[in-house]
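Reviewing the structure listed below.
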Amino acid sequence: MGSHLIVNIVASLILVSAVRAASYKLQFNNANVDATINSDSRELTVQTDGKVVQSILMSLDVASMVHYEEIANGFKLSNADGEEIELVRDADTVEFSLFTIARKVRHRFKVVTDCVRITGSNWYGGPQQKYQYWPIQKLKFNEYSMLTKEADNCAVADRYWLNSLGSFVYVDDETPLFVDQNYGQPGYMCLEANKSLPYDIYDNTYSFVYQIGVAKDAKEVHMAAVRNILGKPSGHPAEAMVKYPIWSTWARYKRDIDQHVVLEFAKEIVNNGWPNSQFELDDDWETCYGALKFNTTKFPNIKQTISAIRAVGFPRVTIWIHPFINKGCEPVYSDAKRKGYLVADRNGNTDTEWWNSNTGQAAYVDFTKPEVAKWFSERLQAILTESGIDSFKFDAGETSWTPPDPVLNGPRSHQPNMIVDDYVRTVAKFGDLVEVRSAHRSQDLPIFVRMIDKDSEWNWNNGLPTLITTLLQMNMVGYPLVLPDMVGGNGYNDHPPNKEMFIRWLQANVFMPSIQFSYVPWDYDAETVEISKTMTNLHEKYTPQIMERFKLAVSDGYPVNPPLWWISPNDTEAQKVYDQFLLGDNIISAPVTKENVRARDIYLPQGDWVDGNTGSTHTGPKWIRKYSVPLKTLPYFLRKGT
């Protein structure tokens, strides 16, 4: 949306002691888009063709900004205290309008809050969450720092929100951003700029900058965000990692692995009919955490072990890596600390913790220092040379693992988020089998971003329903190369998946980019093995369509697994669907995510759709009520003629 921008003051003037404008407008005339600030009501309203697509209740100080000044591509408002707010045009085409709202806050103790109204439309994107509702307006946040963190499964926290009316909000990285959503002001998502921990707190001023984009619908505006802000992958993972399953030692064995265990596991997999897969050696292979040296008690000859795994029938082998060094892991811990290779706070303290350490008994490698990133990379290369392993699964990386108030190598305004970006950019160089679980402004990387660990549950508490909604959330903040977590979840708290959960979870994976196993079908019964073979074969059959979508993600930034509304953006029924998803534009997957369900309702958007199980044709938009879903059945539909 949008054409040439004209700045004008709306002719509604109010007499106080002097004449001043009550409203100030940026107008995109040819596309009939405008953004208006009313200084009395403190409301920023964005309209297209007379329809409101964005409404923001601005901070209290807007009412005092009575001074108006035209600037290049926009205008500036200010008050007697020297506070300023600018509205500036960034993009102005027939298809897309983009403008920036920018403040330079002159006192670090001042908090500025602008609240986005989230009622009246459906919203998508935002941070990855443990309770990953979709659409996201049901979520609640209270002074929630927009940083990657272990808490709430927030391993991806890009500051991008999209609504069904064809508008988005994107908050700049330099803003020390906290979010209140449905807290204090129900129906609003409040963007609070607050220079307090866990952000840097030492500059006297700070920026509060966000952008609003408008296009004809949600699909068009999201693609404009990809082109103008989010970016697109520079490549994609290996096709073999998509086509054939990945088998991890983690959920089935946890840390109880050694040479004998992994070889027997590899033989089981192949003997039960899954050759040519990828084998992943997970936690507890090191002499100590951070050594990056093989425990020779567990693995007396790692090169021989890897060769034996390959000989069984695994052409690809990867190994689990983390960014920590535990205290007592010598000499590497003391050496790294002496050289300044560990993230430290302002007092030089490097103590932190993670799930494989006690409190204060670990340190996070400081990837923001180029010499440290090089040192870590050389140690990883030594692992590949010594073992014959192909590549790595990289875990953790979120900002919450650093010591509080860290001192990182880079602009203070980008701390602590920069540690995540520098970590994943360091490790992304190890080929097309790489996976990471944390991400921040790294949509351009050609690697899988794995969903953070899922629990073996049927409910919204990080259970099976969130497998789909997390897939959608990640795609709609610009990460289309999504690696789903392991089939059946991780079985934490001695709670492994039962047969039904295992099968339904696998079915949900079929039209996602890859399938990861750890729990195995032959531990249940012959029927589970049969259904599992059918589902992995179905995934293999549609690998060309997945790879085609990978290529479109690289060339144009398209999501691989978009939400159902993607092919019909103004369909209000499709906008609300959370338990179906697309592969590209032509395949609908409608898996079962509830226990003991043998019939489900399925929504088909506009178009002619062929049932992948029965061959019958349906014309959307329509609901198919009580579609039969026995345990062996995954409902899916193909666009007719494709």
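Residues in the structure tokens are numbered from 1 in each chain, the chains being A, B, ... in the order shown, and ligands are numbered from 1 in the order shown.
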(request) Within segment 87-261 of chain A, find each residue whose DSSP state, derived from the backbone, is strand (DSSP E), and express the selection as a ChimeraX atom specification. (result) /A:87-92,97-105,112-117,123-125,141-145,160-163,167-171,177-181,188-193,206-214,246-248
(request) For segment 126-128 of chain A, please output as a PyMOL selection string all residues within 9 Å (counting only C-alpha atoms; exclusion window: fewer than 5 positions along the same chain). (result) chain A and resi 136+146-148+152-162+451-452+470+473-474+476-477
(message) Residues near Leu177 of chain A, anyone? I mean within 8 Å using only C-alpha atoms, not counting same-chain ones fewer than 5 positions away, as a list in words.
(response)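 Listed by chain and then number, they are Ser145, Met146, Leu191, Glu192, Ala193 and Asn194 of chain A.
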Write out, as a PDB file, in the first residue's frame, the residues just selected, with N, CA, C and O atoms.
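So the final result, stored in again.pdb, reads:
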```
ATOM      1  N   SER A 145      10.527  -9.364  29.334  1.00  0.00           N
ATOM      2  CA  SER A 145      11.667  -8.903  28.539  1.00  0.00           C
ATOM      3  C   SER A 145      11.712  -9.676  27.224  1.00  0.00           C
ATOM      4  O   SER A 145      11.625 -10.902  27.211  1.00  0.00           O
ATOM      5  N   MET A 146      11.848  -8.947  26.127  1.00  0.00           N
ATOM      6  CA  MET A 146      11.857  -9.571  24.810  1.00  0.00           C
ATOM      7  C   MET A 146      13.270  -9.995  24.434  1.00  0.00           C
ATOM      8  O   MET A 146      13.929  -9.438  23.553  1.00  0.00           O
ATOM      9  N   LEU A 191       3.911  -2.091  24.619  1.00  0.00           N
ATOM     10  CA  LEU A 191       5.345  -2.105  24.349  1.00  0.00           C
ATOM     11  C   LEU A 191       5.988  -1.096  25.285  1.00  0.00           C
ATOM     12  O   LEU A 191       5.800   0.114  25.135  1.00  0.00           O
ATOM     13  N   GLU A 192       6.721  -1.599  26.265  1.00  0.00           N
ATOM     14  CA  GLU A 192       7.297  -0.752  27.304  1.00  0.00           C
ATOM     15  C   GLU A 192       8.804  -0.654  27.114  1.00  0.00           C
ATOM     16  O   GLU A 192       9.515  -1.650  27.182  1.00  0.00           O
ATOM     17  N   ALA A 193       9.268   0.573  26.851  1.00  0.00           N
ATOM     18  CA  ALA A 193      10.705   0.825  26.768  1.00  0.00           C
ATOM     19  C   ALA A 193      11.187   1.223  28.155  1.00  0.00           C
ATOM     20  O   ALA A 193      10.756   2.238  28.707  1.00  0.00           O
ATOM     21  N   ASN A 194      12.079   0.410  28.700  1.00  0.00           N
ATOM     22  CA  ASN A 194      12.487   0.586  30.093  1.00  0.00           C
ATOM     23  C   ASN A 194      13.951   0.179  30.209  1.00  0.00           C
ATOM     24  O   ASN A 194      14.294  -0.995  30.051  1.00  0.00           O
TER      25      ASN A 194
END
```
(request) Find the residue from A:Val242, A:Ile602, A:Thr633, A:Tyr206 that sits nearest to Pro484 of chain A; use only C-alpha atoms when measuring. (result) A:Val242
Tyr603 of chain A environment, 8 Å, only C-alpha atoms, sequence neighbours closer than 4 positions dropped, as an mmCIF file with all heavy atoms, in the first residue's frame:
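out-v6.cif, written as the output of this step:
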```
data_model
loop_
_atom_site.group_PDB
_atom_site.id
_atom_site.type_symbol
_atom_site.label_atom_id
_atom_site.label_comp_id
_atom_site.auth_asym_id
_atom_site.auth_seq_id
_atom_site.Cartn_x
_atom_site.Cartn_y
_atom_site.Cartn_z
ATOM 1 N N ALA A 574 -10.404 -19.400 8.640
ATOM 2 C CA ALA A 574 -9.034 -19.905 8.515
ATOM 3 C C ALA A 574 -8.097 -19.206 9.497
ATOM 4 O O ALA A 574 -7.161 -19.826 10.023
ATOM 5 C CB ALA A 574 -8.538 -19.717 7.085
ATOM 6 N N VAL A 577 -7.795 -21.097 12.885
ATOM 7 C CA VAL A 577 -7.450 -22.520 12.934
ATOM 8 C C VAL A 577 -6.035 -22.697 13.481
ATOM 9 O O VAL A 577 -5.079 -22.123 12.971
ATOM 10 C CB VAL A 577 -7.568 -23.156 11.542
ATOM 11 C CG1 VAL A 577 -7.055 -24.591 11.564
ATOM 12 C CG2 VAL A 577 -9.017 -23.119 11.066
ATOM 13 N N PRO A 621 -14.586 -22.524 0.551
ATOM 14 C CA PRO A 621 -14.421 -22.768 1.993
ATOM 15 C C PRO A 621 -15.544 -23.634 2.559
ATOM 16 O O PRO A 621 -16.711 -23.425 2.236
ATOM 17 C CB PRO A 621 -14.454 -21.358 2.590
ATOM 18 C CG PRO A 621 -15.250 -20.548 1.615
ATOM 19 C CD PRO A 621 -14.984 -21.124 0.274
ATOM 20 N N LYS A 622 -15.157 -24.573 3.410
ATOM 21 C CA LYS A 622 -16.154 -25.435 4.047
ATOM 22 C C LYS A 622 -15.539 -26.151 5.243
ATOM 23 O O LYS A 622 -14.322 -26.340 5.324
ATOM 24 C CB LYS A 622 -16.691 -26.468 3.061
ATOM 25 C CG LYS A 622 -15.670 -27.526 2.640
ATOM 26 C CD LYS A 622 -16.265 -28.570 1.693
ATOM 27 C CE LYS A 622 -17.209 -29.516 2.379
ATOM 28 N NZ LYS A 622 -17.618 -30.642 1.520
ATOM 29 N N TRP A 623 -16.390 -26.537 6.156
ATOM 30 C CA TRP A 623 -16.013 -27.429 7.254
ATOM 31 C C TRP A 623 -16.416 -28.851 6.894
ATOM 32 O O TRP A 623 -17.522 -29.090 6.404
ATOM 33 C CB TRP A 623 -16.727 -27.034 8.543
ATOM 34 C CG TRP A 623 -16.098 -25.884 9.267
ATOM 35 C CD1 TRP A 623 -16.499 -24.582 9.246
ATOM 36 C CD2 TRP A 623 -14.952 -25.947 10.127
ATOM 37 N NE1 TRP A 623 -15.678 -23.810 10.034
ATOM 38 C CE2 TRP A 623 -14.719 -24.621 10.595
ATOM 39 C CE3 TRP A 623 -14.104 -26.971 10.554
ATOM 40 C CZ2 TRP A 623 -13.676 -24.304 11.460
ATOM 41 C CZ3 TRP A 623 -13.064 -26.661 11.413
ATOM 42 C CH2 TRP A 623 -12.854 -25.351 11.860
ATOM 43 N N ILE A 624 -15.515 -29.780 7.113
ATOM 44 C CA ILE A 624 -15.870 -31.198 7.077
ATOM 45 C C ILE A 624 -16.044 -31.632 8.526
ATOM 46 O O ILE A 624 -15.078 -31.625 9.300
ATOM 47 C CB ILE A 624 -14.783 -32.050 6.396
ATOM 48 C CG1 ILE A 624 -14.514 -31.553 4.979
ATOM 49 C CG2 ILE A 624 -15.192 -33.524 6.376
ATOM 50 C CD1 ILE A 624 -13.354 -32.272 4.297
#
```
(message) So that I can see what lies close to Tyr133 of chain A, please list as a ChimeraX atom specification the residues with an atom at most 10 Å from it, counting only C-alpha atoms and leaving out residues fewer than 5 positions away in the same chain.
(response) /A:124,128,138-139,460,465-466,468-470,473,578
(message) Nearest residue to Met535 of chain A out of A:Arg504, A:Arg252, A:Lys25, A:His495, using only C-alpha atoms?
(response)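 Using only C-alpha atoms, the shortest distance to Met535 of chain A belongs to A:Arg504.
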(request) Would you kindly return, as a PyMOL selection string, each protein, DNA or RNA residue with an atom no farther than 7 Å from any atom of segment 563-568 of chain A, considering only C-alpha atoms and excluding same-chain residues fewer than 4 positions away? (result) chain A and resi 219+472+574-575+577+580-582+585+605-606
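All residues within segment 534-623 of chain A that the backbone DSSP calculation assigns to alpha helix (DSSP H) are A:Thr534, A:Met535, A:Thr536, A:Asn537, A:Leu538, A:His539, A:Glu540, A:Lys541, A:Thr543, A:Pro544, A:Gln545, A:Ile546, A:Met547, A:Glu548, A:Arg549, A:Phe550, A:Lys551, A:Leu552, A:Ala553, A:Val554, A:Ser555, A:Asp556.
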(request) Rank A:Phe324, A:Phe299, A:Tyr253, A:Phe550 by their smallest atom-to-atom distance to Tyr479 of chain A, using only C-alpha atoms, and report the top residue only. (result) A:Phe550
